[in-house]
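Structure data follow from structure-v3.txt (compact mmCIF, C-alpha atoms and all ligand atoms):
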```txt
# COMPACT_ATOMS: atom_id res chain seq x y z
CA MET L 1 -28.92 44.18 41.38
CA SER L 2 -27.08 47.03 43.12
CA ASP L 3 -24.01 44.79 43.45
CA ILE L 4 -24.01 44.21 39.70
CA LYS L 5 -23.82 47.96 39.06
CA LYS L 6 -20.62 48.07 41.10
CA MET L 7 -18.81 45.67 38.78
CA ARG L 8 -16.80 46.84 35.78
CA ILE L 9 -15.03 44.78 33.12
CA GLY L 10 -11.81 45.73 31.34
CA HIS L 11 -10.02 44.30 28.32
CA GLY L 12 -6.44 44.78 27.18
CA TYR L 13 -4.36 43.72 24.19
CA ASP L 14 -0.69 44.15 23.40
CA THR L 15 1.81 42.84 20.92
CA HIS L 16 5.53 43.36 20.39
CA ARG L 17 7.94 42.22 17.72
CA LEU L 18 10.52 39.50 18.52
CA VAL L 19 14.04 40.65 17.65
CA LYS L 20 17.60 39.58 18.33
CA GLY L 21 19.58 41.41 21.02
CA ARG L 22 16.73 42.00 23.45
CA ASP L 23 15.70 40.19 26.65
CA LEU L 24 12.39 38.35 26.53
CA VAL L 25 10.45 39.69 29.52
CA LEU L 26 6.86 38.58 30.12
CA GLY L 27 4.94 38.95 33.37
CA GLY L 28 8.12 40.29 34.93
CA VAL L 29 9.98 37.04 34.17
CA THR L 30 13.10 37.09 32.00
CA ILE L 31 12.71 33.99 29.85
CA PRO L 32 15.83 32.44 28.29
CA TYR L 33 15.42 32.70 24.50
CA GLU L 34 17.39 33.66 21.40
CA LYS L 35 15.19 36.74 20.85
CA GLY L 36 13.38 39.32 22.95
CA LEU L 37 10.55 41.79 22.52
CA GLU L 38 11.29 45.13 20.91
CA GLY L 39 9.90 48.25 22.54
CA HIS L 40 10.52 51.56 24.29
CA SER L 41 10.15 49.96 27.74
CA ASP L 42 11.12 46.36 28.53
CA ALA L 43 8.25 45.50 26.12
CA ASP L 44 6.52 43.20 28.63
CA ALA L 45 3.36 42.56 26.59
CA VAL L 46 1.67 40.65 29.44
CA ILE L 47 1.95 43.58 31.84
CA HIS L 48 1.02 46.08 29.13
CA ALA L 49 -2.16 44.13 28.28
CA LEU L 50 -2.99 43.87 31.99
CA CYS L 51 -2.43 47.62 32.55
CA ASP L 52 -4.67 48.41 29.57
CA ALA L 53 -7.39 46.11 30.93
CA LEU L 54 -7.23 47.77 34.36
CA LEU L 55 -7.24 51.29 32.90
CA GLY L 56 -10.04 50.31 30.52
CA GLY L 57 -12.13 48.92 33.36
CA MET L 58 -11.72 52.18 35.26
CA GLY L 59 -12.62 54.18 32.15
CA LEU L 60 -9.22 55.87 32.19
CA GLY L 61 -8.09 55.40 28.60
CA ASP L 62 -4.98 53.36 27.97
CA ILE L 63 -1.37 52.82 28.93
CA GLY L 64 -0.07 55.13 26.17
CA SER L 65 -1.77 58.15 27.70
CA TYR L 66 -0.13 57.54 31.11
CA PHE L 67 3.28 56.30 29.95
CA PRO L 68 3.98 57.80 26.49
CA ASP L 69 6.42 55.72 24.42
CA ASN L 70 8.28 58.87 23.33
CA ASP L 71 9.02 59.92 26.92
CA PRO L 72 12.67 59.26 27.87
CA GLU L 73 11.53 58.60 31.46
CA PHE L 74 10.04 55.29 30.33
CA GLU L 75 12.91 54.14 28.11
CA GLY L 76 13.87 50.60 29.08
CA ILE L 77 11.67 50.83 32.18
CA ASP L 78 10.69 47.70 34.10
CA SER L 79 6.99 47.39 33.29
CA ARG L 80 6.30 46.18 36.84
CA ILE L 81 6.85 49.81 37.88
CA LEU L 82 4.09 50.83 35.47
CA LEU L 83 1.80 48.10 36.86
CA ARG L 84 2.35 49.33 40.39
CA GLN L 85 1.49 52.87 39.26
CA VAL L 86 -1.73 51.60 37.67
CA ASN L 87 -2.47 49.80 40.94
CA ASP L 88 -2.04 53.12 42.77
CA LEU L 89 -4.57 54.65 40.36
CA MET L 90 -7.00 51.85 41.25
CA SER L 91 -6.61 52.57 44.95
CA LYS L 92 -6.99 56.30 44.39
CA ASN L 93 -10.20 55.74 42.42
CA ALA L 94 -11.57 53.14 44.89
CA TYR L 95 -11.39 50.14 42.56
CA ALA L 96 -10.41 46.61 43.57
CA LEU L 97 -9.43 43.82 41.21
CA ILE L 98 -11.63 40.74 41.59
CA ASN L 99 -9.78 38.62 39.04
CA ALA L 100 -7.69 38.83 35.89
CA ASP L 101 -7.50 36.26 33.09
CA ILE L 102 -4.54 36.59 30.75
CA THR L 103 -3.78 34.73 27.52
CA ILE L 104 -0.35 34.72 25.87
CA LEU L 105 0.03 33.74 22.22
CA ALA L 106 3.56 32.62 21.36
CA GLN L 107 4.82 29.97 18.98
CA SER L 108 7.97 29.61 21.07
CA PRO L 109 9.53 29.44 23.61
CA LYS L 110 7.33 27.38 25.92
CA MET L 111 5.57 29.57 28.47
CA ALA L 112 4.29 26.86 30.83
CA PRO L 113 7.46 26.67 32.99
CA HIS L 114 7.21 30.42 33.69
CA LEU L 115 3.49 30.98 34.33
CA THR L 116 3.63 30.45 38.10
CA GLU L 117 6.43 32.99 38.53
CA MET L 118 4.50 35.48 36.39
CA LYS L 119 1.44 35.04 38.61
CA VAL L 120 3.55 35.61 41.72
CA ASN L 121 5.03 38.80 40.23
CA LEU L 122 1.73 40.28 39.09
CA SER L 123 -0.21 39.43 42.25
CA SER L 124 2.62 40.88 44.34
CA ASP L 125 2.57 44.16 42.39
CA LEU L 126 -1.22 44.36 42.70
CA GLY L 127 -1.35 43.32 46.36
CA ILE L 128 -3.72 40.40 45.69
CA ASP L 129 -3.65 36.61 46.00
CA THR L 130 -2.12 34.53 43.23
CA ASP L 131 -5.45 32.74 42.69
CA GLN L 132 -6.97 36.03 41.54
CA ILE L 133 -4.76 35.88 38.45
CA ASN L 134 -4.92 33.22 35.76
CA ILE L 135 -2.35 33.10 32.98
CA LYS L 136 -2.50 30.66 30.11
CA ALA L 137 -0.51 30.34 26.91
CA SER L 138 -1.17 29.00 23.45
CA THR L 139 0.57 28.78 20.11
CA THR L 140 -1.28 29.73 16.93
CA GLU L 141 -0.50 26.39 15.27
CA ARG L 142 2.18 28.15 13.18
CA MET L 143 -0.37 30.48 11.57
CA GLY L 144 0.10 34.23 11.19
CA PHE L 145 2.82 36.51 12.59
CA VAL L 146 2.81 34.76 15.96
CA GLY L 147 3.08 31.38 14.28
CA ARG L 148 6.06 32.56 12.22
CA GLY L 149 7.79 33.69 15.41
CA GLU L 150 7.68 37.37 14.45
CA GLY L 151 6.00 38.51 17.63
CA ILE L 152 4.12 37.68 20.81
CA VAL L 153 0.58 38.72 21.73
CA ALA L 154 -1.07 39.07 25.12
CA TYR L 155 -4.73 39.57 26.02
CA ALA L 156 -6.07 40.41 29.47
CA VAL L 157 -9.59 40.58 30.85
CA VAL L 158 -10.24 41.94 34.32
CA LEU L 159 -13.23 42.31 36.62
CA LEU L 160 -13.18 45.29 38.94
CA SER L 161 -15.39 46.18 41.86
CA THR L 162 -16.02 49.72 43.00
CA SER L 163 -16.55 50.56 46.63
MG MG G 201 3.37 47.31 24.82
```
For the file at hand, write its structure as structure tokens.
Amino acid sequence: MSDIKKMRIGHGYDTHRLVKGRDLVLGGVTIPYEKGLEGHSDADAVIHALCDALLGGMGLGDIGSYFPDNDPEFEGIDSRILLRQVNDLMSKNAYALINADITILAQSPKMAPHLTEMKVNLSSDLGIDTDQINIKASTTERMGFVGRGEGIVAYAVVLLSTS
């Protein structure tokens, strides 16, 4: 029972609009595509959802309170830098990530060829094994804004342990 009290769950969600003239960066991987995600940073929705899940699990609010999107310091920033800063916060607050499960919703391009590289990037930034991170992708069967190719969505769920 005491072990159960030391577990905390976190959930994160992010979405960005697909536009011309931007790189498509997800999970730290630049994916060849005719459009990219619009945002103040590199708009990596996978990392943003993961950061929000980790911050949520720690009870520390959300990514916007740590990295405001009107702060010039974060303009065009590689979101992996933000993830590493969130990882530092976990260490500082004595949390460890047990596992993360991430879902990407995108009508196109195909995510499958890039999922392994994303896992390698994220686990490297968090100092954990690749098998502690699962990333899967789905279309929305052409329904809604994702299905029309207007944007990409990412969800993340994490389980944290406290020491
Ligand atoms: Mg975002």
- request: Let me have all residues with an atom within 8 Å of ligand MG 201 (chain G), counting all atoms listed in the file, laid out as an NGL selection string.
  value: :L and (14-16 or 39 or 41 or 43-45 or 48-49)
query: Quick one: distance from CA of Ser124 (chain L) to CA of Asp23 (chain L) in Å, one decimal?
result: 22.0 Å
statement: The distance between CA of Val29 (chain L) and CA of Glu117 (chain L) is 6.9 Å
message: Excluding Leu115 (chain L) and its own-chain neighbours fewer than 3 positions away, which residues fall within 8 Å of it when counting only C-alpha atoms? Please give them as a PyMOL selection string.
response: chain L and resi 111-112+118-119+135-136
Could you take the residues named above and write them with C-alpha atoms, as a PDB file, keeping the file's coordinate frame?
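This went into part.pdb:
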```pdb
ATOM      1  CA  MET L 111       5.570  29.570  28.470  1.00  0.00           C
ATOM      2  CA  ALA L 112       4.290  26.860  30.830  1.00  0.00           C
ATOM      3  CA  MET L 118       4.500  35.480  36.390  1.00  0.00           C
ATOM      4  CA  LYS L 119       1.440  35.040  38.610  1.00  0.00           C
ATOM      5  CA  ILE L 135      -2.350  33.100  32.980  1.00  0.00           C
ATOM      6  CA  LYS L 136      -2.500  30.660  30.110  1.00  0.00           C
TER       7      LYS L 136
END
```
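Going from CA of Arg80 (chain L) over to CA of Ile128 (chain L), you cover 14.6 Å.
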message: Which residues are close to Gly21 (chain L), i.e. within 10 Å by all atoms listed in the file, leaving aside same-chain residues fewer than 5 positions away? Reply as number ranges by chain.
response: L: 34-38
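Minimum distance to Ala137 (chain L) across L:Asn93, L:Thr103, L:Ser163, L:Ser123 (counting all atoms listed in the file) occurs at L:Thr103.
The shortest atom-to-atom distance to Leu122 (chain L), with all atoms listed in the file taken into account, belongs to L:Gly27 out of L:Gly27, L:Pro68, L:Gly76, L:Gly10.
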